[in-house]
>>> print(open('structure.cif').read())   # mmCIF, C-alpha atoms
data_target
loop_
_atom_site.label_atom_id
_atom_site.label_comp_id
_atom_site.auth_asym_id
_atom_site.auth_seq_id
_atom_site.Cartn_x
_atom_site.Cartn_y
_atom_site.Cartn_z
CA MET A 1 22.13 -0.01 8.75
CA LYS A 2 20.73 2.98 6.85
CA ILE A 3 19.32 2.35 3.40
CA ARG A 4 17.75 4.72 0.90
CA ILE A 5 14.92 3.24 -1.13
CA GLY A 6 13.35 4.39 -4.38
CA ILE A 7 9.63 3.73 -4.88
CA VAL A 8 8.43 3.04 -8.44
CA GLY A 9 4.74 3.63 -9.17
CA GLY A 10 2.16 6.13 -7.98
CA GLY A 11 -0.78 3.85 -7.16
CA ASN A 12 -2.20 2.02 -4.18
CA ILE A 13 0.52 -0.62 -3.95
CA SER A 14 3.32 1.93 -4.13
CA GLU A 15 1.75 3.76 -1.21
CA THR A 16 1.76 0.41 0.61
CA HIS A 17 5.49 0.11 -0.11
CA ALA A 18 6.06 3.64 1.14
CA ARG A 19 4.12 3.01 4.35
CA ALA A 20 6.04 -0.23 4.93
CA ALA A 21 9.37 1.53 4.36
CA ARG A 22 8.49 4.36 6.74
CA ALA A 23 7.66 1.80 9.46
CA ILE A 24 11.21 0.36 9.45
CA PRO A 25 13.93 2.15 11.43
CA GLY A 26 16.92 3.13 9.30
CA VAL A 27 14.99 3.18 6.01
CA GLU A 28 14.63 6.46 4.15
CA ILE A 29 12.56 7.04 1.03
CA ALA A 30 14.97 8.76 -1.33
CA ALA A 31 12.83 9.15 -4.44
CA ILE A 32 9.45 8.23 -5.94
CA CYS A 33 8.84 7.77 -9.67
CA GLY A 34 5.66 7.36 -11.68
CA ASN A 35 3.85 8.57 -14.78
CA ASN A 36 1.17 10.49 -12.89
CA LYS A 37 2.83 13.70 -11.71
CA GLU A 38 0.10 14.60 -9.21
CA LYS A 39 0.08 11.17 -7.56
CA VAL A 40 3.87 11.01 -7.32
CA GLU A 41 4.09 14.50 -5.83
CA ARG A 42 1.41 13.64 -3.26
CA LEU A 43 3.27 10.51 -2.20
CA ALA A 44 6.53 12.46 -1.96
CA ARG A 45 4.91 15.13 0.22
CA GLU A 46 3.38 12.53 2.52
CA TYR A 47 6.22 9.99 2.77
CA GLY A 48 9.33 11.88 1.72
CA GLY A 49 11.62 11.57 -1.27
CA VAL A 50 12.18 13.50 -4.48
CA PRO A 51 9.37 13.06 -7.05
CA TYR A 52 10.26 12.01 -10.62
CA THR A 53 8.28 11.24 -13.76
CA ASP A 54 11.38 10.32 -15.77
CA TYR A 55 12.65 6.84 -14.88
CA GLY A 56 16.19 7.49 -16.10
CA LYS A 57 16.54 10.58 -13.93
CA PHE A 58 15.03 8.66 -11.02
CA LEU A 59 17.66 5.90 -11.36
CA ALA A 60 20.38 8.54 -11.31
CA HIS A 61 19.21 9.87 -7.94
CA ASP A 62 21.98 9.66 -5.37
CA PRO A 63 22.20 8.33 -2.73
CA MET A 64 19.87 5.36 -3.30
CA GLU A 65 20.64 1.66 -2.74
CA MET A 66 17.48 -0.19 -3.84
CA VAL A 67 14.18 0.15 -5.66
CA ALA A 68 10.75 -1.25 -4.86
CA LEU A 69 8.74 -1.80 -8.05
CA GLY A 70 4.99 -1.20 -7.80
CA SER A 71 4.46 -0.49 -11.49
CA PRO A 72 2.24 -2.61 -13.80
CA SER A 73 3.39 -6.23 -13.87
CA GLY A 74 4.52 -6.17 -17.47
CA MET A 75 7.07 -3.44 -16.70
CA HIS A 76 8.87 -5.16 -13.81
CA ALA A 77 11.65 -6.86 -15.75
CA GLU A 78 12.46 -3.86 -17.95
CA GLN A 79 12.58 -1.49 -14.98
CA GLY A 80 14.39 -3.97 -12.77
CA ILE A 81 17.08 -4.63 -15.38
CA ALA A 82 17.69 -0.89 -15.76
CA ALA A 83 17.97 -0.55 -11.97
CA ALA A 84 20.36 -3.51 -11.68
CA ARG A 85 22.64 -1.96 -14.31
CA ARG A 86 22.89 1.07 -12.03
CA GLY A 87 23.95 -1.20 -9.15
CA LEU A 88 20.60 -0.99 -7.33
CA HIS A 89 19.01 -3.91 -5.49
CA VAL A 90 15.53 -4.78 -6.84
CA LEU A 91 12.45 -5.78 -4.83
CA THR A 92 9.45 -6.15 -7.12
CA GLU A 93 5.77 -6.47 -6.49
CA LYS A 94 4.22 -9.78 -7.56
CA PRO A 95 4.48 -11.26 -10.11
CA ILE A 96 8.16 -10.92 -10.98
CA ASP A 97 6.92 -10.21 -14.54
CA ILE A 98 4.32 -11.72 -16.86
CA THR A 99 6.45 -14.31 -18.72
CA VAL A 100 9.18 -16.76 -17.81
CA ALA A 101 11.44 -15.26 -20.47
CA ARG A 102 11.22 -11.83 -18.87
CA ALA A 103 11.72 -13.29 -15.41
CA ASP A 104 14.85 -15.07 -16.63
CA ALA A 105 16.18 -11.85 -18.15
CA LEU A 106 15.73 -9.99 -14.86
CA ILE A 107 17.34 -12.80 -12.87
CA ALA A 108 20.32 -12.84 -15.26
CA ALA A 109 20.72 -9.05 -15.06
CA THR A 110 20.71 -8.96 -11.25
CA ASP A 111 23.12 -11.90 -11.11
CA LYS A 112 25.49 -10.12 -13.50
CA ALA A 113 25.28 -6.88 -11.53
CA GLY A 114 25.78 -8.63 -8.19
CA VAL A 115 22.63 -7.10 -6.67
CA LYS A 116 19.79 -8.73 -4.74
CA LEU A 117 16.44 -9.59 -6.36
CA GLY A 118 13.30 -10.30 -4.39
CA VAL A 119 9.53 -10.56 -4.92
CA PHE A 120 6.76 -9.33 -2.61
CA PHE A 121 5.06 -12.66 -1.80
CA GLN A 122 4.10 -11.70 1.74
CA ASP A 123 2.28 -14.98 2.50
CA ARG A 124 5.72 -16.49 3.10
CA PHE A 125 6.12 -14.26 6.15
CA LYS A 126 2.72 -14.73 7.80
CA PRO A 127 3.25 -16.50 11.17
CA ASP A 128 0.47 -19.08 10.74
CA LEU A 129 1.51 -19.93 7.19
CA ARG A 130 5.13 -20.37 8.24
CA ARG A 131 3.90 -22.73 10.96
CA VAL A 132 1.92 -24.71 8.36
CA LYS A 133 5.06 -24.89 6.21
CA THR A 134 7.00 -26.36 9.15
CA LEU A 135 4.25 -28.89 9.85
CA LEU A 136 4.11 -30.00 6.22
CA ASP A 137 7.89 -30.26 5.94
CA GLY A 138 7.72 -32.48 9.03
CA GLY A 139 5.30 -34.85 7.27
CA ILE A 140 2.21 -34.15 9.36
CA LEU A 141 -0.15 -35.05 6.48
CA GLY A 142 1.63 -38.21 5.37
CA LYS A 143 1.36 -39.06 1.68
CA PRO A 144 0.07 -36.03 -0.31
CA ILE A 145 -3.30 -36.67 -1.96
CA LEU A 146 -5.22 -33.49 -2.79
CA ALA A 147 -4.90 -29.71 -2.82
CA GLU A 148 -7.87 -27.40 -3.25
CA ALA A 149 -7.38 -23.64 -3.59
CA ARG A 150 -10.20 -21.12 -4.03
CA VAL A 151 -9.73 -17.43 -4.74
CA LYS A 152 -13.36 -16.42 -5.20
CA TRP A 153 -13.05 -12.66 -5.11
CA TRP A 154 -15.04 -9.68 -6.34
CA ARG A 155 -13.90 -6.60 -8.18
CA PRO A 156 -16.46 -4.03 -9.40
CA PRO A 157 -16.50 -2.93 -13.05
CA GLU A 158 -14.71 0.33 -12.24
CA TYR A 159 -11.70 -1.62 -10.93
CA TYR A 160 -10.95 -2.46 -14.56
CA GLY A 161 -12.68 0.45 -16.26
CA GLY A 162 -10.68 3.00 -14.28
CA SER A 163 -7.33 1.41 -15.09
CA LYS A 164 -5.21 1.48 -18.23
CA TRP A 165 -3.44 -1.79 -17.43
CA ARG A 166 -5.56 -4.12 -15.27
CA GLY A 167 -6.92 -7.07 -17.20
CA THR A 168 -4.74 -6.36 -20.25
CA THR A 169 -2.48 -8.94 -21.82
CA ALA A 170 0.36 -6.47 -22.40
CA LEU A 171 0.71 -5.06 -18.88
CA ASP A 172 -1.20 -7.40 -16.54
CA GLY A 173 -0.29 -10.58 -18.41
CA GLY A 174 -3.84 -11.87 -17.98
CA GLY A 175 -6.57 -11.39 -15.44
CA ALA A 176 -7.75 -12.99 -12.23
CA LEU A 177 -5.10 -15.73 -12.18
CA ILE A 178 -1.91 -13.71 -12.63
CA ASN A 179 -3.11 -10.70 -10.65
CA GLN A 180 -5.34 -11.89 -7.80
CA GLY A 181 -4.57 -15.64 -7.89
CA VAL A 182 -0.78 -15.48 -8.11
CA HIS A 183 -0.33 -15.19 -4.33
CA THR A 184 -2.16 -18.49 -3.95
CA VAL A 185 -0.17 -20.06 -6.79
CA ASP A 186 3.00 -19.14 -4.91
CA LEU A 187 1.54 -20.45 -1.65
CA LEU A 188 0.70 -23.83 -3.22
CA LEU A 189 4.19 -24.16 -4.70
CA TRP A 190 5.84 -23.13 -1.41
CA LEU A 191 3.74 -25.47 0.76
CA TRP A 192 2.96 -28.41 -1.54
CA GLY A 193 5.80 -28.45 -4.07
CA ASP A 194 6.17 -28.24 -7.82
CA VAL A 195 3.39 -28.83 -10.34
CA THR A 196 4.30 -30.95 -13.35
CA ALA A 197 1.20 -30.71 -15.59
CA VAL A 198 -2.01 -28.68 -15.85
CA GLN A 199 -5.37 -28.49 -17.57
CA ALA A 200 -7.58 -25.39 -17.47
CA LYS A 201 -10.66 -23.50 -18.64
CA MET A 202 -11.05 -19.72 -18.48
CA SER A 203 -13.24 -16.90 -19.75
CA SER A 204 -14.36 -13.37 -19.05
CA LEU A 205 -17.83 -14.20 -17.79
CA LEU A 206 -18.76 -10.87 -16.21
CA HIS A 207 -16.24 -8.09 -16.75
CA LYS A 208 -15.55 -6.46 -20.11
CA ILE A 209 -11.81 -7.13 -20.20
CA GLU A 210 -9.54 -8.77 -22.74
CA SER A 211 -8.33 -11.40 -20.25
CA GLU A 212 -10.11 -13.80 -17.90
CA ASP A 213 -12.16 -12.94 -14.83
CA THR A 214 -12.88 -16.62 -14.09
CA LEU A 215 -10.51 -19.59 -14.31
CA VAL A 216 -10.52 -23.19 -13.13
CA ALA A 217 -7.40 -25.38 -13.32
CA LEU A 218 -6.57 -29.01 -12.61
CA LEU A 219 -3.05 -29.54 -11.27
CA GLU A 220 -0.77 -32.57 -11.07
CA PHE A 221 1.93 -32.18 -8.42
CA ALA A 222 5.38 -33.72 -8.48
CA ASN A 223 4.59 -35.35 -5.13
CA GLY A 224 1.79 -37.36 -6.78
CA ALA A 225 -1.14 -35.31 -5.49
CA PHE A 226 -3.89 -33.81 -7.60
CA GLY A 227 -5.14 -30.26 -7.13
CA THR A 228 -7.78 -27.77 -8.19
CA LEU A 229 -7.41 -24.01 -8.40
CA ILE A 230 -10.17 -21.43 -8.85
CA ALA A 231 -9.25 -17.79 -9.48
CA THR A 232 -11.96 -15.23 -10.16
CA THR A 233 -12.93 -11.59 -9.67
CA SER A 234 -16.55 -12.22 -10.68
CA VAL A 235 -17.98 -13.73 -7.47
CA PHE A 236 -20.00 -11.22 -5.43
CA PRO A 237 -19.50 -10.22 -2.65
CA GLY A 238 -16.08 -11.92 -2.50
CA TYR A 239 -15.02 -14.68 -0.10
CA PRO A 240 -11.81 -15.25 1.88
CA ARG A 241 -9.11 -17.19 0.04
CA ARG A 242 -9.23 -20.84 1.14
CA VAL A 243 -6.65 -23.60 0.69
CA GLU A 244 -7.20 -27.19 1.81
CA LEU A 245 -4.37 -29.72 1.77
CA THR A 246 -5.13 -33.40 2.25
CA GLY A 247 -2.80 -36.32 2.79
CA SER A 248 -3.08 -39.88 4.04
CA ALA A 249 -2.94 -38.58 7.64
CA GLY A 250 -5.61 -35.87 7.38
CA THR A 251 -6.39 -32.36 6.18
CA LEU A 252 -5.23 -28.83 6.97
CA ALA A 253 -7.44 -25.88 5.97
CA ILE A 254 -6.23 -22.29 5.56
CA GLU A 255 -8.49 -19.26 5.27
CA GLN A 256 -6.89 -16.00 4.16
CA ASP A 257 -3.61 -16.34 6.11
CA LEU A 258 -4.70 -18.47 9.08
CA LEU A 259 -4.83 -22.21 9.77
CA VAL A 260 -8.52 -22.68 10.63
CA ARG A 261 -8.88 -26.50 10.70
CA ALA A 262 -6.63 -29.46 11.35
CA ASP A 263 -8.47 -32.78 10.93
CA LEU A 264 -5.95 -35.53 11.54
CA HIS A 265 -6.14 -39.29 12.18
CA LYS A 266 -3.80 -38.70 15.12
CA PRO A 267 -4.68 -35.22 16.38
CA ALA A 268 -1.79 -33.08 17.54
CA PRO A 269 -2.46 -30.61 20.37
CA SER A 270 -2.74 -26.86 19.82
CA LEU A 271 -2.39 -26.78 16.03
CA ILE A 272 -4.92 -23.97 15.74
CA GLY A 273 -3.08 -20.95 17.10
CA ASN A 274 -4.17 -17.58 18.39
CA GLU A 275 -2.47 -15.55 15.68
CA ALA A 276 -4.35 -12.54 14.36
CA GLY A 277 -4.65 -12.62 10.60
CA ASP A 278 -4.14 -9.60 8.37
CA LYS A 279 -7.02 -7.14 8.23
CA ASN A 280 -7.02 -6.57 4.47
CA GLN A 281 -10.38 -7.02 2.77
CA SER A 282 -8.67 -8.61 -0.23
CA ALA A 283 -11.71 -10.61 -1.29
CA ALA A 284 -13.64 -7.45 -2.10
CA SER A 285 -11.06 -4.66 -2.32
CA ALA A 286 -7.62 -4.00 -3.80
CA THR A 287 -6.82 -1.49 -1.04
CA VAL A 288 -4.07 -2.64 1.35
CA SER A 289 -4.88 -1.28 4.80
CA ASP A 290 -2.74 -3.75 6.75
CA ILE A 291 0.89 -3.34 5.65
CA ARG A 292 2.44 -5.90 8.02
CA GLY A 293 3.02 -8.52 5.33
CA HIS A 294 4.75 -6.05 3.03
CA GLN A 295 6.77 -4.71 5.93
CA MET A 296 8.00 -8.21 6.82
CA ALA A 297 8.93 -8.87 3.19
CA LEU A 298 10.86 -5.61 3.01
CA GLU A 299 12.62 -6.32 6.32
CA ASP A 300 13.63 -9.75 5.02
CA PHE A 301 15.03 -8.16 1.84
CA LEU A 302 17.02 -5.62 3.86
CA ARG A 303 18.51 -8.44 5.94
CA ALA A 304 19.57 -10.17 2.73
CA ILE A 305 21.37 -7.00 1.63
CA GLU A 306 23.02 -6.51 5.01
CA THR A 307 24.16 -10.14 5.42
CA ASN A 308 24.79 -10.84 1.72
CA SER A 309 22.29 -13.71 1.81
CA GLN A 310 19.23 -14.61 -0.26
CA PRO A 311 15.78 -13.15 0.48
CA ALA A 312 13.05 -15.64 1.37
CA CYS A 313 11.48 -15.16 -2.06
CA ASN A 314 14.31 -14.42 -4.45
CA GLY A 315 14.05 -14.16 -8.22
CA ARG A 316 14.22 -17.90 -8.85
CA GLU A 317 11.50 -18.57 -6.29
CA GLY A 318 9.38 -15.81 -7.83
CA ARG A 319 9.88 -17.35 -11.27
CA ARG A 320 8.14 -20.58 -10.19
CA SER A 321 4.70 -18.98 -9.98
CA VAL A 322 5.08 -17.32 -13.38
CA ALA A 323 6.06 -20.68 -14.94
CA LEU A 324 2.93 -22.30 -13.51
CA VAL A 325 0.67 -19.40 -14.52
CA GLU A 326 2.13 -19.47 -18.04
CA ALA A 327 1.40 -23.21 -18.29
CA ILE A 328 -2.17 -22.76 -17.01
CA TYR A 329 -2.87 -20.05 -19.59
CA ALA A 330 -1.37 -22.23 -22.33
CA ALA A 331 -3.58 -25.13 -21.26
CA ALA A 332 -6.69 -22.93 -21.23
CA HIS A 333 -5.94 -21.56 -24.71
CA SER A 334 -5.09 -24.97 -26.21
CA GLY A 335 -7.68 -27.10 -24.43
CA THR A 336 -4.98 -29.70 -23.79
CA GLN A 337 -2.81 -30.79 -20.90
CA VAL A 338 0.41 -28.74 -20.66
CA SER A 339 3.65 -29.55 -18.86
CA VAL A 340 5.13 -26.91 -16.57
CA SER A 341 8.54 -25.63 -17.64
CA ARG A 342 11.47 -25.61 -15.24
#
>>> encode(input="structure.cif", output="structure tokens")
Amino acid sequence: MKIRIGIVGGGNISETHARAARAIPGVEIAAICGNNKEKVERLAREYGGVPYTDYGKFLAHDPMEMVALGSPSGMHAEQGIAAARRGLHVLTEKPIDITVARADALIAATDKAGVKLGVFFQDRFKPDLRRVKTLLDGGILGKPILAEARVKWWRPPEYYGGSKWRGTTALDGGGALINQGVHTVDLLLWLWGDVTAVQAKMSSLLHKIESEDTLVALLEFANGAFGTLIATTSVFPGYPRRVELTGSAGTLAIEQDLLVRADLHKPAPSLIGNEAGDKNQSAASATVSDIRGHQMALEDFLRAIETNSQPACNGREGRRSVALVEAIYAAAHSGTQVSVSR
């Protein structure tokens, strides 16, 4: 199957999308669109495709079957809806957008147009994390009790100072939670199930941004478990993301994208595998050097197009993390417990 893809955005993550696309046989980059003419032209020279700075002209490029959105988060729904109306499949970078209302609008538009909608949540394709998902679905931990997730990362001042959109309410939707922490929010929902209520505190304790660089949330899961979530870009030098899940039968611990501990009342053999984790230095850098996760997500989306099936993280799955993030922000602003919308 040959498919022509349009890349939206001229930054680091769009280059990641381009590298992932070039690594897949049968995929051709048809066009690249972004506001920065120099960046877009450089990407086009290096990876192929016609450069555009006008989004309408980009959408009219033919032939092209799908778009990959790497633009600021608050533009995903608007751009995705316009693409869907042109009959293009839409694969968007996380999060699907910055509000549930916008996510719903994009989902409705792709449904109406009969095109596929997916979200780049590459954790869902990591071999060790898929194995953990299978173990949890099989009941290895017994009755759920506690989840602890820590995203204690570092971003230098220039990460925000050199960007027009990072850390802004309008285009980033917030700060450390919705940008850096959203992968872990999705991971918790995928592995441990829905959250019904939240409490939270947040502030910008280090960086001069309008949104938070440090957030702590208390979660109540539908399965009865409690949970804590820390998301920050203010912890030097940055530490690997860690998730610990505890049930009546023991605890599983994940670091970055690997299962690193399995402490069970009835130990099972060979739970700790020999998988190599991704090589991205996410805790201290936004640069994506290891594209394997994005490549697997793109390959999954292409299979969904080819077989007329749903991608592993479709629009409705991607909406779940935005609903939880929205509730956490509401709880932090109100100082009260907030229920998570469905």
>>> atom_distance(input="structure.cif", atom1="CA of Gln199 (chain A)", atom2="CA of Pro144 (chain A)")
19.6 Å
>>> resolve_selection(input="structure.cif", expression="the PyMOL selection byres ((chain A and resi 142) around 10)", output="VMD selection string")
chain A and resid 136 138 to 141 143 to 145 246 to 251
>>> resolve_selection(input="structure.cif", expression="the PyMOL selection byres ((chain A and resi 55-64) around 9)", output="PyMOL selection string")
chain A and resi 3-6+8+29-35+50-54+65-67+79+82-83+86+88
>>> atom_distance(input="structure.cif", atom1="CA of Lys201 (chain A)", atom2="CA of Leu324 (chain A)")
14.6 Å
>>> closest_residue(input="structure.cif", among="A:Leu91, A:Ala200, A:Leu146, A:Ala108", to="Phe226 (chain A)", atoms="only C-alpha atoms")
A:Leu146
>>> atom_distance(input="structure.cif", atom1="CA of Ala331 (chain A)", atom2="CA of Arg316 (chain A)")
22.9 Å
>>> closest_residue(input="structure.cif", among="A:His333, A:Arg261, A:Arg150, A:His89", to="Lys116 (chain A)", atoms="all atoms listed in the file")
A:His89
>>> closest_residue(input="structure.cif", among="A:Leu129, A:Ile254, A:Met75, A:Leu69", to="Gly293 (chain A)", atoms="all atoms listed in the file")
A:Leu129
>>> resolve_selection(input="structure.cif", expression="the PyMOL selection byres ((chain A and resi 181) around 10)", output="list in words")
Ala149, Arg150, Val151, Lys152, Trp153, Gly175, Ala176, Leu177, Ile178, Asn179, Gln180, Val182, His183, Thr184, Val185, Asp186, Leu187, Leu215, Leu229, Ile230, Ala231, Thr232, Thr233, Arg241 and Val325 of chain A
>>> write_last_selection(input="structure.cif", atoms="C-alpha atoms", output="compact mmCIF listing (two decimals), in the frame of the given file")
# COMPACT_ATOMS: atom_id res chain seq x y z
CA ALA A 149 -7.38 -23.64 -3.59
CA ARG A 150 -10.20 -21.12 -4.03
CA VAL A 151 -9.73 -17.43 -4.74
CA LYS A 152 -13.36 -16.42 -5.20
CA TRP A 153 -13.05 -12.66 -5.11
CA GLY A 175 -6.57 -11.39 -15.44
CA ALA A 176 -7.75 -12.99 -12.23
CA LEU A 177 -5.10 -15.73 -12.18
CA ILE A 178 -1.91 -13.71 -12.63
CA ASN A 179 -3.11 -10.70 -10.65
CA GLN A 180 -5.34 -11.89 -7.80
CA VAL A 182 -0.78 -15.48 -8.11
CA HIS A 183 -0.33 -15.19 -4.33
CA THR A 184 -2.16 -18.49 -3.95
CA VAL A 185 -0.17 -20.06 -6.79
CA ASP A 186 3.00 -19.14 -4.91
CA LEU A 187 1.54 -20.45 -1.65
CA LEU A 215 -10.51 -19.59 -14.31
CA LEU A 229 -7.41 -24.01 -8.40
CA ILE A 230 -10.17 -21.43 -8.85
CA ALA A 231 -9.25 -17.79 -9.48
CA THR A 232 -11.96 -15.23 -10.16
CA THR A 233 -12.93 -11.59 -9.67
CA ARG A 241 -9.11 -17.19 0.04
CA VAL A 325 0.67 -19.40 -14.52
>>> closest_atom_pairs(input="structure.cif", of="region 253-300 of chain A", to="region 92-104 of chain A", cutoff="12 Å", atoms="only C-alpha atoms", output="Markdown table")
| residue | atom | partner | partner_atom | distance |
| --- | --- | --- | --- | --- |
| A:His294 | CA | A:Glu93 | CA | 9.6 |
| A:Ala297 | CA | A:Glu93 | CA | 10.5 |
| A:Leu298 | CA | A:Thr92 | CA | 10.2 |
>>> closest_residue(input="structure.cif", among="A:Thr307, A:Ser270, A:Ser163, A:Ser285", to="Phe236 (chain A)", atoms="only C-alpha atoms")
A:Ser285
>>> closest_residue(input="structure.cif", among="A:Leu252, A:Phe221, A:Ser339, A:Arg166", to="Leu135 (chain A)", atoms="all atoms listed in the file")
A:Leu252
>>> residues_around(input="structure.cif", residues="region 18-26 of chain A", least_positions_apart="2", cutoff="6 Å", atoms="all atoms listed in the file", output="list in words")
Lys2, Glu15, Thr16 and Gln295 of chain A
>>> build_atoms(input="structure.cif", residues="region 70-90 of chain A", atoms="N, CA and C atoms", output="PDB file, keeping the file's coordinate frame")
ATOM      1  N   GLY A  70       6.434  -1.052  -7.923  1.00  0.00           N
ATOM      2  CA  GLY A  70       4.990  -1.200  -7.800  1.00  0.00           C
ATOM      3  C   GLY A  70       4.281  -0.798  -9.071  1.00  0.00           C
ATOM      4  N   SER A  71       4.987  -0.854 -10.165  1.00  0.00           N
ATOM      5  CA  SER A  71       4.460  -0.490 -11.490  1.00  0.00           C
ATOM      6  C   SER A  71       3.641  -1.661 -12.048  1.00  0.00           C
ATOM      7  N   PRO A  72       2.953  -1.486 -13.178  1.00  0.00           N
ATOM      8  CA  PRO A  72       2.240  -2.610 -13.800  1.00  0.00           C
ATOM      9  C   PRO A  72       3.155  -3.810 -14.016  1.00  0.00           C
ATOM     10  N   SER A  73       2.604  -4.996 -13.873  1.00  0.00           N
ATOM     11  CA  SER A  73       3.390  -6.230 -13.870  1.00  0.00           C
ATOM     12  C   SER A  73       4.277  -6.397 -15.093  1.00  0.00           C
ATOM     13  N   GLY A  74       3.776  -5.999 -16.248  1.00  0.00           N
ATOM     14  CA  GLY A  74       4.520  -6.170 -17.470  1.00  0.00           C
ATOM     15  C   GLY A  74       5.695  -5.226 -17.649  1.00  0.00           C
ATOM     16  N   MET A  75       5.933  -4.357 -16.661  1.00  0.00           N
ATOM     17  CA  MET A  75       7.070  -3.440 -16.700  1.00  0.00           C
ATOM     18  C   MET A  75       8.175  -3.833 -15.726  1.00  0.00           C
ATOM     19  N   HIS A  76       7.931  -4.846 -14.888  1.00  0.00           N
ATOM     20  CA  HIS A  76       8.870  -5.160 -13.810  1.00  0.00           C
ATOM     21  C   HIS A  76      10.254  -5.526 -14.305  1.00  0.00           C
ATOM     22  N   ALA A  77      10.334  -6.413 -15.283  1.00  0.00           N
ATOM     23  CA  ALA A  77      11.650  -6.860 -15.750  1.00  0.00           C
ATOM     24  C   ALA A  77      12.426  -5.718 -16.382  1.00  0.00           C
ATOM     25  N   GLU A  78      11.788  -4.969 -17.272  1.00  0.00           N
ATOM     26  CA  GLU A  78      12.460  -3.860 -17.950  1.00  0.00           C
ATOM     27  C   GLU A  78      12.993  -2.848 -16.935  1.00  0.00           C
ATOM     28  N   GLN A  79      12.153  -2.471 -15.985  1.00  0.00           N
ATOM     29  CA  GLN A  79      12.580  -1.490 -14.980  1.00  0.00           C
ATOM     30  C   GLN A  79      13.617  -2.071 -14.037  1.00  0.00           C
ATOM     31  N   GLY A  80      13.438  -3.334 -13.672  1.00  0.00           N
ATOM     32  CA  GLY A  80      14.390  -3.970 -12.770  1.00  0.00           C
ATOM     33  C   GLY A  80      15.766  -4.138 -13.402  1.00  0.00           C
ATOM     34  N   ILE A  81      15.794  -4.476 -14.674  1.00  0.00           N
ATOM     35  CA  ILE A  81      17.080  -4.630 -15.380  1.00  0.00           C
ATOM     36  C   ILE A  81      17.807  -3.289 -15.425  1.00  0.00           C
ATOM     37  N   ALA A  82      17.073  -2.219 -15.720  1.00  0.00           N
ATOM     38  CA  ALA A  82      17.690  -0.890 -15.760  1.00  0.00           C
ATOM     39  C   ALA A  82      18.238  -0.511 -14.387  1.00  0.00           C
ATOM     40  N   ALA A  83      17.506  -0.850 -13.325  1.00  0.00           N
ATOM     41  CA  ALA A  83      17.970  -0.550 -11.970  1.00  0.00           C
ATOM     42  C   ALA A  83      19.213  -1.351 -11.615  1.00  0.00           C
ATOM     43  N   ALA A  84      19.208  -2.638 -11.976  1.00  0.00           N
ATOM     44  CA  ALA A  84      20.360  -3.510 -11.680  1.00  0.00           C
ATOM     45  C   ALA A  84      21.618  -2.984 -12.361  1.00  0.00           C
ATOM     46  N   ARG A  85      21.486  -2.494 -13.580  1.00  0.00           N
ATOM     47  CA  ARG A  85      22.640  -1.960 -14.310  1.00  0.00           C
ATOM     48  C   ARG A  85      23.211  -0.721 -13.639  1.00  0.00           C
ATOM     49  N   ARG A  86      22.399  -0.067 -12.796  1.00  0.00           N
ATOM     50  CA  ARG A  86      22.890   1.070 -12.030  1.00  0.00           C
ATOM     51  C   ARG A  86      23.411   0.645 -10.654  1.00  0.00           C
ATOM     52  N   GLY A  87      23.454  -0.693 -10.423  1.00  0.00           N
ATOM     53  CA  GLY A  87      23.950  -1.200  -9.150  1.00  0.00           C
ATOM     54  C   GLY A  87      22.950  -1.171  -8.019  1.00  0.00           C
ATOM     55  N   LEU A  88      21.653  -1.068  -8.343  1.00  0.00           N
ATOM     56  CA  LEU A  88      20.600  -0.990  -7.330  1.00  0.00           C
ATOM     57  C   LEU A  88      19.977  -2.366  -7.093  1.00  0.00           C
ATOM     58  N   HIS A  89      19.737  -2.706  -5.831  1.00  0.00           N
ATOM     59  CA  HIS A  89      19.010  -3.910  -5.490  1.00  0.00           C
ATOM     60  C   HIS A  89      17.541  -3.737  -5.914  1.00  0.00           C
ATOM     61  N   VAL A  90      16.877  -4.845  -6.264  1.00  0.00           N
ATOM     62  CA  VAL A  90      15.530  -4.780  -6.840  1.00  0.00           C
ATOM     63  C   VAL A  90      14.572  -5.674  -6.054  1.00  0.00           C
TER      64      VAL A  90
END
